[in-house]
Every structure is written in structure tokens, then in C-alpha cells.
Amino acid sequence: MTDEQKLIRLFNQGSRDALCEIYQRYKKDLFGLAMSLLHDRPTAEDAVHDVIVSFARQAGHYKLKGTLKNYLLTAVANRARDHWRQPSAKDVSLERLSALRQTDLSGEQYAILTEEFKRLQNMLSQIPYEQREIVLLHLHYDMTFREIASAQGVSINTVQSRYRYGMEKLHQLLKEGCEHERFQTNRRLDSRL
Amino acid sequence: MNDFKQTEDWIRGSKPKIATSSDMGRRILSDAQTAMASSPGRSRESGLPTRRLIVRTTFRFTAAAAILIAAILSLTLFDGTVAPAYAVEQTIEAMRHVTTVHYFATDWQDREMETWIKVNPETGENDCHYVNERDQISISTPRITYFYDPKANVVRVVEGGALRSDLRFGRFIEDVLDKMIRPQHGEVQFTNESDPDTGEEVILLWAKSSTTEMEVMIDPETKLPIRIDFSKAVPGQIVRSIDRIFYNEPLPEGLFDYAIPQDAQVIRVADAVNNPEYGMPVEGMTRDEARVQIIGRFWRYVIEGSFEDAHRLLPIVSAGQIENTLGSFGGVAELVSVGEPLQEPDTHDEVVTPVRVRFSNGNVWEIYQITQFRLIDGKLSCVLVGEEQGAKAVE
């Protein structure tokens, strides 16, 4: 029996320790995904909260399919998707993204906003949500296309197509960003001459 | 390496480092544990229920009290794991190692107090007490006890340790069972719960008798009580809830050493109580009649503002203290009733009487006054020696 299977067994027996262990083990990934998709701390926190509570309600009859990590990540992605389907959410979230600063997160920080992450968030905001989700699940959380397809209820071809379109756009944006930096550097050198 | 691959690597490298908030964690776990507890699921593998109540039945004390106590003391709680999560004997054992207790508590009028106790590990007795309640200091050692009222600048001195607890920290579980539950055929129950303030898991001891009802939160790690709440208690119990408890902290230096302020009025309680100039003779009447009469006279003097006369009936409290204490409630307007004694006056030298008084603001309070009977030079007399804690507004 794997470690995860033992944990699920204890969880189904009503072990609070097992529930705590599950939360502690996956909270960073869950919250990281929620933040990456939602760009908003309270909304991300609510999404993770709802996922864990909903999972806890299944104590006694939860059946493990695949991995528990993927199950929980998928649940977070589903909630984020539901949130994005609300028209107001998109506009507000994009506004929040553009205004997001390191100082917006105070006290115990949820995420260390590296320059790369902020840049990635800006780039991700420029591709459709469905592509964004697949890119993050695959590259940040190591889910296979097959696992993503199963979780989203779409064909594996659809997942792969969306991924490819998303990556092409991101690749272009990244390349444009690098060229812009090189241009700036050259200009500075030129100005010293 | 193709550019697409570089972009993938770059995206992987920009995964945010997450440090989650402990507040968020507590909230999530608390709600999740509540949801889990309400889940009707049952494991098919083990057959163990997933209900939060670990002990299925409440222990009720009847004739088989000794057997039940043994059962409770050997009680072991399981939470579905192989290893037992909690055993009552763990708390018993843990409290045997307590040498000091420092706690913050609230009384029945929502007044806060800070208490230090030095515990005798051999006997479990609370040897020394220090209590600070709204700057009124009480210091008790086995030899002597001081009660200092800084407003009135009065120190009352009692020989011996006058502050005592029926529930001793050194023998806590045993005292709950032996002194509170068994004599009154009470009930006791242990459950796994979540602390509503922190979301952390605790063991909850609930105990109820005809005079007392309490809940004790026990830390599953240390096995020690971390909070105690009384919803009902006997008259005389000061504490309504103990909110924060710290064990085995070093005692502040000189904590139990007390020097009477030079200008303070000193009332030596034994001298006052045994002074024939104080109190009222019991002549031509029964003890019960004397009890009612001395209480009636006292409150008549208070209503009239004759605080010196009132002090002569209640010598351990100065006239100034009587005036200040009762005046702070707007003054007493009426003695409403003198209730039946809690002890039989003919066979007890100390008798507690519930007394109801109406204050000028219309509020009616029930106060538990203590009458003491004494023989001085062969003559029976009585004197008021204070009140039990637990006074409460009834209207």
C-alpha cells in the first residue's frame, strides 16, 4: 500500500490527523495554482477553502483515482474556471493583475512574487483562460495531458491543441520581451559612446 | 535546444514560492473538520464510525461509582488510527508533574483576575496562592493569608491558608470525579472537538452534577487542561472561566511574600470574629431566628447609611469598605428576602444564607451571606463573616 493510499484509508476512517496531513502536504500547490489562475488572494483562498471542505465531506466514501494531488489540483482549477466564467470576474481580475504589487501581500506572504512570476502572469493574461489552465497544470504541477483531459472532461487532442496554441503565444511574448531588453541594453551602450 | 523548449523551461522556473498563512490554514482546517464530522460516511474497511464523539455513552454515577471511576480512569480514546489518541491516565500523570500554575480567569461578573499557584507535587495541594483581581491582592500560604483592598487601604489577615480550591491542579481529574461528580451522581463525557478559537483539535471533558457543570479543554499533545469553563457552580466559587493556563513557569521572586502597607487598616479576622464587642447575642431565640435577625439588622443599617453599625455586625469588613462596595451599586433600597439556609443552623457553626436585596437602580441581587455562631465566655452569639462568591443579579 502506498503512502498516499494509507493516508486515504485513514481519512476515510475519519482521522482528523490524516485530513490535516493532506492539507499540509498539498496546500502550497493548491494555493499556488489558485493564485496563478485567479490573481487575487481572497478569491484564491476561498477556492482552496471550498476544495478542502468539499473533500472533507467525502470522508468515509472517497475513492482514490489517479493521485490525490491531481484530484485536488483539478478541483481548484474547476473552481477557478467557474469564477472566470462570471463576466465581472474577468475584468476585475485583470485589473487586479495589472495593479498587483509586492506590497499587496502583507504579513505572512502568500507568494514571493519574483520578477519572473509577475512577468509570467502578465503573459498568461494575454492567452485564453482554457490555455492558461493547461499550461500551468502541465508545467507547474506536472500533470500529463491525459490526466488533464480526464480532469477537464475533454479529449486529449483538445488539451494538446490548447497547450500548443498557448505556448506559441507565450513563446512569442517571451521572445519579444527578450528582444526589447536587448534593444534597451544596446541603446544604453550606444549612449555612452 | 528549440525555443519552445526554452519557453517551457522558463515557465517551469517561474513557479511562485508559496508560504501560506497560518490564519488561513486554521480557518480551512476548522471548517473541513466540521464538514468531516457531519459526513455520514463509514469506512467499509474497518467498520469504525467517523463520528466525532469517541465515547458512545455518558458515564452516569449511581451505585456502581467505583467501577465507573475505574473505567473512566482507564479510558482510552481512539480516532481511527492504530495508536490510541488519548488516555485519561495521561492527564492524570501529566498533572502529577505540575509544580506551578499561572492562569488568567474571569469571575461571574466578568471581572478578570490573574492567579499564580504553587503546587505541592507530593500531595497535589495548592500550597500557595496569589490572586490579583482588579488590584485587590490575595496572597495565601499554609501559614497565613492576606487580603488587601487598595481602595479602602484595608488588609484582612487570616491564620493559615484561607484560599483553597476543591479542584486542585495537581489532582485535577481525581477531584472532578471524587468531589464533584460521584457525590452527586453526576455525568462525565470525553469527546474529540475543535477549539472554536484556534481550530486546533482538543479533548473535551464535560462534567455535570446537580450543582456544577463544566467543560475542560485538554491539549492532546501535553495532555494538560488549557481552558476551563463553568456554566454552573456552587456558591463560593469565584472563577467562572479559566481562559489561559501556563504550567511550570518560574514563580516571580517574592510572589508570596507580603508586607502590610504601613498606613493600612489591619483586620485580623480571627480577632474580629471572636471579639464579643462584635456581632449579636443569641438569647431567647433559636439559631435560625438569630440568623434571620442579624442579617435583617445588617441590611437595615446599610439602607440607613449606618455603616459603622453594619461593620459591628460584619467586623471583617471596614465601614468604609461596606460603604464603598454597596455604594458602587447605587446604594441599597430594600431587603427583599432572607432565604432558607444552605446548612442546618442547629448543627453548623457556619451557615450560608441566600439574601436578596434591591439596589437603588432597581436591580435585585442574590448574595450568599455567612453567619458564624460562636461561644464566648459560655454565651452563644453570632456574627457575619462575609459572603460566599457567586452573587448574581436575579432581576
# chains A, B, ... in the order shown; residues from 1 in each chain; ligands from 1
call {"tool": "residues_around", "arguments": {"residues": "A:Thr43", "least_positions_apart": "4", "cutoff": "9 Å", "atoms": "only C-alpha atoms", "output": "list in words"}}
result
Ala34, Met35, Leu38, His39, Ala47, Val48, Ala80 and His83 of chain A
call {"tool": "write_last_selection", "arguments": {"atoms": "all heavy atoms", "output": "PDB file, in the first residue's frame"}}
result
ATOM      1  N   ALA A  34      -4.156  28.329  -7.429  1.00  0.00           N
ATOM      2  CA  ALA A  34      -5.281  29.265  -7.304  1.00  0.00           C
ATOM      3  C   ALA A  34      -4.822  30.712  -7.553  1.00  0.00           C
ATOM      4  O   ALA A  34      -5.475  31.482  -8.250  1.00  0.00           O
ATOM      5  CB  ALA A  34      -5.923  29.127  -5.926  1.00  0.00           C
ATOM      6  N   MET A  35      -3.682  31.047  -6.976  1.00  0.00           N
ATOM      7  CA  MET A  35      -3.162  32.406  -7.185  1.00  0.00           C
ATOM      8  C   MET A  35      -2.792  32.642  -8.642  1.00  0.00           C
ATOM      9  O   MET A  35      -3.046  33.708  -9.203  1.00  0.00           O
ATOM     10  CB  MET A  35      -1.927  32.639  -6.301  1.00  0.00           C
ATOM     11  CG  MET A  35      -2.249  33.092  -4.890  1.00  0.00           C
ATOM     12  SD  MET A  35      -2.964  34.741  -4.827  1.00  0.00           S
ATOM     13  CE  MET A  35      -1.527  35.743  -5.237  1.00  0.00           C
ATOM     14  N   LEU A  38      -6.153  32.955 -10.521  1.00  0.00           N
ATOM     15  CA  LEU A  38      -7.125  33.963 -10.102  1.00  0.00           C
ATOM     16  C   LEU A  38      -6.531  35.342  -9.847  1.00  0.00           C
ATOM     17  O   LEU A  38      -7.266  36.328  -9.827  1.00  0.00           O
ATOM     18  CB  LEU A  38      -7.850  33.458  -8.842  1.00  0.00           C
ATOM     19  CG  LEU A  38      -8.734  32.228  -9.069  1.00  0.00           C
ATOM     20  CD1 LEU A  38      -9.120  31.582  -7.748  1.00  0.00           C
ATOM     21  CD2 LEU A  38      -9.977  32.598  -9.862  1.00  0.00           C
ATOM     22  N   HIS A  39      -5.229  35.388  -9.583  1.00  0.00           N
ATOM     23  CA  HIS A  39      -4.519  36.659  -9.369  1.00  0.00           C
ATOM     24  C   HIS A  39      -5.033  37.441  -8.170  1.00  0.00           C
ATOM     25  O   HIS A  39      -4.732  38.613  -8.019  1.00  0.00           O
ATOM     26  CB  HIS A  39      -4.625  37.589 -10.600  1.00  0.00           C
ATOM     27  CG  HIS A  39      -4.418  36.888 -11.895  1.00  0.00           C
ATOM     28  ND1 HIS A  39      -3.299  36.114 -12.146  1.00  0.00           N
ATOM     29  CD2 HIS A  39      -5.182  36.807 -12.986  1.00  0.00           C
ATOM     30  CE1 HIS A  39      -3.409  35.614 -13.360  1.00  0.00           C
ATOM     31  NE2 HIS A  39      -4.533  36.002 -13.899  1.00  0.00           N
ATOM     32  N   ALA A  47     -11.172  29.623  -2.889  1.00  0.00           N
ATOM     33  CA  ALA A  47     -11.189  28.445  -3.757  1.00  0.00           C
ATOM     34  C   ALA A  47     -10.556  27.247  -3.058  1.00  0.00           C
ATOM     35  O   ALA A  47     -11.096  26.148  -3.072  1.00  0.00           O
ATOM     36  CB  ALA A  47     -10.453  28.751  -5.063  1.00  0.00           C
ATOM     37  N   VAL A  48      -9.407  27.477  -2.431  1.00  0.00           N
ATOM     38  CA  VAL A  48      -8.733  26.380  -1.720  1.00  0.00           C
ATOM     39  C   VAL A  48      -9.586  25.916  -0.555  1.00  0.00           C
ATOM     40  O   VAL A  48      -9.728  24.713  -0.300  1.00  0.00           O
ATOM     41  CB  VAL A  48      -7.336  26.830  -1.242  1.00  0.00           C
ATOM     42  CG1 VAL A  48      -6.690  25.757  -0.377  1.00  0.00           C
ATOM     43  CG2 VAL A  48      -6.444  27.149  -2.433  1.00  0.00           C
ATOM     44  N   ALA A  80     -11.638  27.763 -10.122  1.00  0.00           N
ATOM     45  CA  ALA A  80     -11.114  28.974 -10.749  1.00  0.00           C
ATOM     46  C   ALA A  80     -11.817  29.217 -12.079  1.00  0.00           C
ATOM     47  O   ALA A  80     -12.161  30.347 -12.432  1.00  0.00           O
ATOM     48  CB  ALA A  80      -9.611  28.837 -10.959  1.00  0.00           C
ATOM     49  N   HIS A  83     -15.133  30.643 -11.568  1.00  0.00           N
ATOM     50  CA  HIS A  83     -15.021  32.054 -11.216  1.00  0.00           C
ATOM     51  C   HIS A  83     -14.809  32.902 -12.459  1.00  0.00           C
ATOM     52  O   HIS A  83     -15.427  33.961 -12.626  1.00  0.00           O
ATOM     53  CB  HIS A  83     -13.850  32.246 -10.253  1.00  0.00           C
ATOM     54  CG  HIS A  83     -13.567  33.686  -9.914  1.00  0.00           C
ATOM     55  ND1 HIS A  83     -14.274  34.368  -8.948  1.00  0.00           N
ATOM     56  CD2 HIS A  83     -12.665  34.557 -10.426  1.00  0.00           C
ATOM     57  CE1 HIS A  83     -13.808  35.607  -8.879  1.00  0.00           C
ATOM     58  NE2 HIS A  83     -12.831  35.756  -9.758  1.00  0.00           N
TER      59      HIS A  83
END
call {"tool": "select_by_dssp", "arguments": {"residues": "stretch 113-329 of chain B", "states": "strand (DSSP E)", "output": "MDAnalysis selection string"}}
result
chainID B and resid 113:119 126:133 136:140 144:149 154:159 187:194 201:208 213:218 225:232 239:247 265:268 280:281
call {"tool": "closest_atom_pairs", "arguments": {"of": "chain A", "to": "chain B", "cutoff": "9 Å", "atoms": "only C-alpha atoms", "output": "tab-separated table"}}
result
residue	atom	partner	partner_atom	distance
A:Arg9	CA	B:Ser43	CA	8.3
A:Leu10	CA	B:Thr81	CA	6.8
A:Phe11	CA	B:Gly80	CA	8.9
A:Asn12	CA	B:Ser43	CA	5.8
A:Gln13	CA	B:Ser43	CA	5.3
A:Gly14	CA	B:Thr50	CA	4.3
A:Ser15	CA	B:Gly80	CA	5.8
A:Arg16	CA	B:Gln33	CA	6.7
A:Asp17	CA	B:Asp79	CA	8.8
A:Leu19	CA	B:Gln33	CA	7.8
A:Cys20	CA	B:Leu29	CA	6.9
A:Tyr23	CA	B:Leu29	CA	7.8
A:Gln24	CA	B:Gly25	CA	8.6
A:Lys27	CA	B:Thr20	CA	7.6
A:Lys28	CA	B:Ile18	CA	5.6
A:Asp29	CA	B:Ile18	CA	7.9
A:Phe31	CA	B:Ile18	CA	7.5
A:Gly32	CA	B:Ile18	CA	6.2
A:Ser36	CA	B:Pro16	CA	8.4
A:Glu45	CA	B:Met24	CA	7.4
A:Val48	CA	B:Ile28	CA	8.2
A:His49	CA	B:Ile28	CA	5.3
A:Asp50	CA	B:Ile28	CA	8.3
A:Ile52	CA	B:Ala32	CA	6.3
A:Val53	CA	B:Ala32	CA	4.3
A:Ser54	CA	B:Ala32	CA	7.7
A:Phe55	CA	B:Ala32	CA	8.0
A:Ala56	CA	B:Met36	CA	4.9
A:Arg57	CA	B:Met36	CA	5.0
A:Gln58	CA	B:Ser39	CA	6.9
A:Ala59	CA	B:Gly41	CA	5.9
A:Gly60	CA	B:Gly41	CA	4.0
A:His61	CA	B:Gly41	CA	5.9
A:Gly107	CA	B:Ser21	CA	8.4
A:Glu108	CA	B:Ser21	CA	5.6
A:Gln109	CA	B:Ala19	CA	6.0
A:Tyr110	CA	B:Ala19	CA	4.9
A:Ala111	CA	B:Ile18	CA	4.5
A:Ile112	CA	B:Lys17	CA	5.6
A:Leu113	CA	B:Pro16	CA	6.5
A:Thr114	CA	B:Pro16	CA	7.1
A:Glu115	CA	B:Ser14	CA	8.4
A:Glu116	CA	B:Ser14	CA	5.2
A:Phe117	CA	B:Ser14	CA	4.9
A:Lys118	CA	B:Ser14	CA	8.6
A:Arg119	CA	B:Ser14	CA	8.7
A:Leu120	CA	B:Ile11	CA	7.1
A:Val135	CA	B:Ile11	CA	8.8
A:Leu136	CA	B:Ile11	CA	8.5
A:Leu139	CA	B:Arg12	CA	5.5
A:His140	CA	B:Arg12	CA	5.6
A:Met167	CA	B:Phe4	CA	7.4
A:Glu168	CA	B:Phe4	CA	7.6
A:Leu170	CA	B:Thr7	CA	7.6
A:His171	CA	B:Thr7	CA	5.7
A:Leu174	CA	B:Thr7	CA	7.4
A:Lys175	CA	B:Thr7	CA	8.8
call {"tool": "write_last_selection", "arguments": {"atoms": "C-alpha atoms", "output": "mmCIF file, in the first residue's frame"}}
result
data_model
loop_
_atom_site.group_PDB
_atom_site.id
_atom_site.type_symbol
_atom_site.label_atom_id
_atom_site.label_comp_id
_atom_site.auth_asym_id
_atom_site.auth_seq_id
_atom_site.Cartn_x
_atom_site.Cartn_y
_atom_site.Cartn_z
ATOM 1 C CA ARG A 9 -7.608 4.931 4.213
ATOM 2 C CA LEU A 10 -7.127 6.831 7.460
ATOM 3 C CA PHE A 11 -9.041 9.787 6.055
ATOM 4 C CA ASN A 12 -11.971 7.552 5.204
ATOM 5 C CA GLN A 13 -11.885 6.237 8.764
ATOM 6 C CA GLY A 14 -12.462 9.780 9.967
ATOM 7 C CA SER A 15 -8.927 10.582 11.007
ATOM 8 C CA ARG A 16 -8.504 14.287 11.519
ATOM 9 C CA ASP A 17 -4.757 13.838 11.535
ATOM 10 C CA LEU A 19 -7.079 15.351 6.890
ATOM 11 C CA CYS A 20 -4.531 17.741 8.374
ATOM 12 C CA TYR A 23 -3.925 19.735 3.686
ATOM 13 C CA GLN A 24 -0.372 20.393 4.872
ATOM 14 C CA LYS A 27 -1.602 23.439 0.450
ATOM 15 C CA LYS A 28 1.262 25.185 -1.303
ATOM 16 C CA ASP A 29 0.488 23.628 -4.648
ATOM 17 C CA PHE A 31 -2.782 27.865 -3.285
ATOM 18 C CA GLY A 32 -0.076 28.436 -5.863
ATOM 19 C CA SER A 36 -1.754 31.781 -10.654
ATOM 20 C CA GLU A 45 -8.061 31.454 -0.519
ATOM 21 C CA VAL A 48 -8.733 26.380 -1.720
ATOM 22 C CA HIS A 49 -11.044 26.528 1.270
ATOM 23 C CA ASP A 50 -14.002 25.240 -0.744
ATOM 24 C CA ILE A 52 -10.658 21.169 1.088
ATOM 25 C CA VAL A 53 -14.048 21.407 2.767
ATOM 26 C CA SER A 54 -15.730 19.642 -0.114
ATOM 27 C CA PHE A 55 -13.069 16.950 0.015
ATOM 28 C CA ALA A 56 -13.554 16.548 3.787
ATOM 29 C CA ARG A 57 -17.251 15.875 3.253
ATOM 30 C CA GLN A 58 -16.291 12.778 1.327
ATOM 31 C CA ALA A 59 -14.711 11.172 4.360
ATOM 32 C CA GLY A 60 -15.862 7.602 4.513
ATOM 33 C CA HIS A 61 -16.518 7.127 0.821
ATOM 34 C CA GLY A 107 2.066 39.833 6.922
ATOM 35 C CA GLU A 108 2.724 36.230 6.206
ATOM 36 C CA GLN A 109 3.198 36.369 2.470
ATOM 37 C CA TYR A 110 1.322 34.008 0.264
ATOM 38 C CA ALA A 111 3.698 34.159 -2.613
ATOM 39 C CA ILE A 112 7.065 35.605 -3.222
ATOM 40 C CA LEU A 113 6.408 37.499 -6.377
ATOM 41 C CA THR A 114 9.577 37.023 -8.314
ATOM 42 C CA GLU A 115 10.040 39.135 -11.382
ATOM 43 C CA GLU A 116 9.687 36.025 -13.479
ATOM 44 C CA PHE A 117 6.367 35.133 -11.897
ATOM 45 C CA LYS A 118 4.993 38.638 -12.390
ATOM 46 C CA ARG A 119 6.156 38.583 -15.940
ATOM 47 C CA LEU A 120 4.577 35.180 -16.475
ATOM 48 C CA VAL A 135 -0.080 25.424 -19.319
ATOM 49 C CA LEU A 136 0.041 25.815 -15.535
ATOM 50 C CA LEU A 139 4.391 22.895 -16.427
ATOM 51 C CA HIS A 140 3.986 23.921 -12.777
ATOM 52 C CA MET A 167 2.707 28.007 -25.726
ATOM 53 C CA GLU A 168 3.125 29.576 -29.141
ATOM 54 C CA LEU A 170 3.742 32.713 -24.676
ATOM 55 C CA HIS A 171 6.861 31.902 -26.601
ATOM 56 C CA LEU A 174 8.758 35.935 -24.162
ATOM 57 C CA LYS A 175 10.830 36.414 -27.258
#
call {"tool": "atom_distance", "arguments": {"atom1": "atom CA of A:Tyr62", "atom2": "atom CA of A:Ile134"}}
result
25.6 Å
call {"tool": "closest_residue", "arguments": {"among": "B:Asn324, B:Asn248, B:Gln293, B:Gln372", "to": "B:Asn274", "atoms": "only C-alpha atoms"}}
result
B:Gln372
call {"tool": "atom_distance", "arguments": {"atom1": "atom CA of A:Glu4", "atom2": "atom CA of A:Gln152"}}
result
22.8 Å
call {"tool": "residues_around", "arguments": {"residues": "A:Leu68", "least_positions_apart": "3", "cutoff": "10 Å", "atoms": "only C-alpha atoms", "output": "list in words"}}
result
Glu4, Gln5, Leu7, Ile8, Ile22, Tyr26, Lys63, Leu64, Lys65, Tyr71, Leu72, Leu73 and Thr74 of chain A
call {"tool": "write_last_selection", "arguments": {"atoms": "all heavy atoms", "output": "JSON list (two decimals), in the first residue's frame"}}
result
[["chain", "number", "residue", "atom", "x", "y", "z"],
["A", 4, "GLU", "N", 0.24, 7.32, 0.02],
["A", 4, "GLU", "CA", -0.99, 8.06, -0.25],
["A", 4, "GLU", "C", -2.22, 7.18, -0.02],
["A", 4, "GLU", "O", -3.23, 7.65, 0.49],
["A", 4, "GLU", "CB", -0.98, 8.57, -1.69],
["A", 4, "GLU", "CG", -2.08, 9.59, -1.97],
["A", 4, "GLU", "CD", -1.84, 10.40, -3.22],
["A", 4, "GLU", "OE1", -2.09, 9.88, -4.33],
["A", 4, "GLU", "OE2", -1.38, 11.54, -3.08],
["A", 5, "GLN", "N", -2.13, 5.94, -0.36],
["A", 5, "GLN", "CA", -3.26, 5.04, -0.13],
["A", 5, "GLN", "C", -3.53, 4.88, 1.36],
["A", 5, "GLN", "O", -4.68, 4.83, 1.81],
["A", 5, "GLN", "CB", -2.98, 3.68, -0.78],
["A", 5, "GLN", "CG", -3.11, 3.70, -2.30],
["A", 5, "GLN", "CD", -2.61, 2.41, -2.93],
["A", 5, "GLN", "OE1", -1.74, 1.72, -2.39],
["A", 5, "GLN", "NE2", -3.16, 2.07, -4.09],
["A", 7, "LEU", "N", -2.89, 7.09, 3.63],
["A", 7, "LEU", "CA", -3.45, 8.36, 4.09],
["A", 7, "LEU", "C", -4.94, 8.42, 3.77],
["A", 7, "LEU", "O", -5.75, 8.84, 4.60],
["A", 7, "LEU", "CB", -2.70, 9.50, 3.39],
["A", 7, "LEU", "CG", -2.73, 10.89, 4.03],
["A", 7, "LEU", "CD1", -2.24, 10.85, 5.45],
["A", 7, "LEU", "CD2", -1.86, 11.84, 3.22],
["A", 8, "ILE", "N", -5.31, 7.99, 2.58],
["A", 8, "ILE", "CA", -6.71, 8.00, 2.19],
["A", 8, "ILE", "C", -7.51, 7.04, 3.07],
["A", 8, "ILE", "O", -8.65, 7.32, 3.47],
["A", 8, "ILE", "CB", -6.87, 7.62, 0.70],
["A", 8, "ILE", "CG1", -6.23, 8.70, -0.17],
["A", 8, "ILE", "CG2", -8.33, 7.42, 0.34],
["A", 8, "ILE", "CD1", -6.88, 10.05, -0.04],
["A", 22, "ILE", "N", -3.09, 15.79, 4.79],
["A", 22, "ILE", "CA", -3.40, 16.02, 3.37],
["A", 22, "ILE", "C", -3.34, 17.51, 3.06],
["A", 22, "ILE", "O", -2.74, 17.93, 2.07],
["A", 22, "ILE", "CB", -4.80, 15.45, 3.03],
["A", 22, "ILE", "CG1", -4.74, 13.92, 3.04],
["A", 22, "ILE", "CG2", -5.30, 15.94, 1.67],
["A", 22, "ILE", "CD1", -6.09, 13.24, 3.01],
["A", 26, "TYR", "N", -0.40, 19.42, 0.57],
["A", 26, "TYR", "CA", -0.72, 19.96, -0.75],
["A", 26, "TYR", "C", -1.10, 21.44, -0.77],
["A", 26, "TYR", "O", -1.39, 22.00, -1.83],
["A", 26, "TYR", "CB", -1.86, 19.14, -1.39],
["A", 26, "TYR", "CG", -1.52, 17.70, -1.55],
["A", 26, "TYR", "CD1", -2.25, 16.70, -0.92],
["A", 26, "TYR", "CD2", -0.42, 17.31, -2.32],
["A", 26, "TYR", "CE1", -1.91, 15.36, -1.06],
["A", 26, "TYR", "CE2", -0.07, 15.99, -2.46],
["A", 26, "TYR", "CZ", -0.82, 15.01, -1.82],
["A", 26, "TYR", "OH", -0.48, 13.70, -1.96],
["A", 63, "LYS", "N", -12.97, 7.58, -3.04],
["A", 63, "LYS", "CA", -12.22, 6.53, -3.74],
["A", 63, "LYS", "C", -11.12, 7.20, -4.54],
["A", 63, "LYS", "O", -11.38, 8.09, -5.35],
["A", 63, "LYS", "CB", -13.14, 5.74, -4.66],
["A", 63, "LYS", "CG", -14.10, 4.85, -3.91],
["A", 63, "LYS", "CD", -14.72, 3.82, -4.82],
["A", 63, "LYS", "CE", -15.78, 2.98, -4.12],
["A", 63, "LYS", "NZ", -15.34, 2.46, -2.84],
["A", 64, "LEU", "N", -9.92, 6.77, -4.29],
["A", 64, "LEU", "CA", -8.78, 7.38, -4.95],
["A", 64, "LEU", "C", -8.68, 6.91, -6.40],
["A", 64, "LEU", "O", -8.61, 5.73, -6.67],
["A", 64, "LEU", "CB", -7.49, 7.03, -4.20],
["A", 64, "LEU", "CG", -6.19, 7.65, -4.71],
["A", 64, "LEU", "CD1", -6.25, 9.16, -4.57],
["A", 64, "LEU", "CD2", -5.00, 7.09, -3.95],
["A", 65, "LYS", "N", -8.71, 7.91, -7.30],
["A", 65, "LYS", "CA", -8.47, 7.59, -8.72],
["A", 65, "LYS", "C", -7.31, 8.45, -9.15],
["A", 65, "LYS", "O", -7.36, 9.67, -9.00],
["A", 65, "LYS", "CB", -9.71, 7.93, -9.57],
["A", 65, "LYS", "CG", -10.92, 7.06, -9.29],
["A", 65, "LYS", "CD", -12.10, 7.53, -10.12],
["A", 65, "LYS", "CE", -13.35, 6.78, -9.71],
["A", 65, "LYS", "NZ", -14.55, 7.32, -10.35],
["A", 71, "TYR", "N", -6.17, 15.20, -8.10],
["A", 71, "TYR", "CA", -7.60, 15.37, -7.83],
["A", 71, "TYR", "C", -7.85, 16.76, -7.23],
["A", 71, "TYR", "O", -8.76, 17.48, -7.63],
["A", 71, "TYR", "CB", -8.05, 14.28, -6.86],
["A", 71, "TYR", "CG", -9.44, 14.50, -6.32],
["A", 71, "TYR", "CD1", -10.57, 14.10, -7.02],
["A", 71, "TYR", "CD2", -9.62, 15.13, -5.09],
["A", 71, "TYR", "CE1", -11.84, 14.34, -6.52],
["A", 71, "TYR", "CE2", -10.89, 15.37, -4.58],
["A", 71, "TYR", "CZ", -11.99, 14.96, -5.30],
["A", 71, "TYR", "OH", -13.25, 15.20, -4.81],
["A", 72, "LEU", "N", -7.03, 17.12, -6.25],
["A", 72, "LEU", "CA", -7.23, 18.40, -5.57],
["A", 72, "LEU", "C", -6.88, 19.57, -6.49],
["A", 72, "LEU", "O", -7.58, 20.60, -6.50],
["A", 72, "LEU", "CB", -6.38, 18.45, -4.29],
["A", 72, "LEU", "CG", -6.79, 17.46, -3.21],
["A", 72, "LEU", "CD1", -5.77, 17.45, -2.07],
["A", 72, "LEU", "CD2", -8.18, 17.76, -2.66],
["A", 73, "LEU", "N", -5.82, 19.43, -7.26],
["A", 73, "LEU", "CA", -5.45, 20.50, -8.19],
["A", 73, "LEU", "C", -6.57, 20.71, -9.22],
["A", 73, "LEU", "O", -6.91, 21.85, -9.56],
["A", 73, "LEU", "CB", -4.15, 20.15, -8.91],
["A", 73, "LEU", "CG", -2.87, 20.29, -8.09],
["A", 73, "LEU", "CD1", -1.68, 19.70, -8.85],
["A", 73, "LEU", "CD2", -2.59, 21.75, -7.75],
["A", 74, "THR", "N", -7.12, 19.63, -9.70],
["A", 74, "THR", "CA", -8.20, 19.73, -10.67],
["A", 74, "THR", "C", -9.39, 20.44, -10.05],
["A", 74, "THR", "O", -10.04, 21.27, -10.70],
["A", 74, "THR", "CB", -8.62, 18.33, -11.14],
["A", 74, "THR", "OG1", -7.49, 17.68, -11.71],
["A", 74, "THR", "CG2", -9.74, 18.42, -12.17]]
call {"tool": "residues_around", "arguments": {"residues": "B:Leu163", "least_positions_apart": "5", "cutoff": "9 Å", "atoms": "only C-alpha atoms", "output": "number ranges by chain"}}
result
B: 126, 128-129, 138-141, 145
call {"tool": "atom_distance", "arguments": {"atom1": "atom CA of A:Arg162", "atom2": "atom CA of A:Gln131"}}
result
5.2 Å
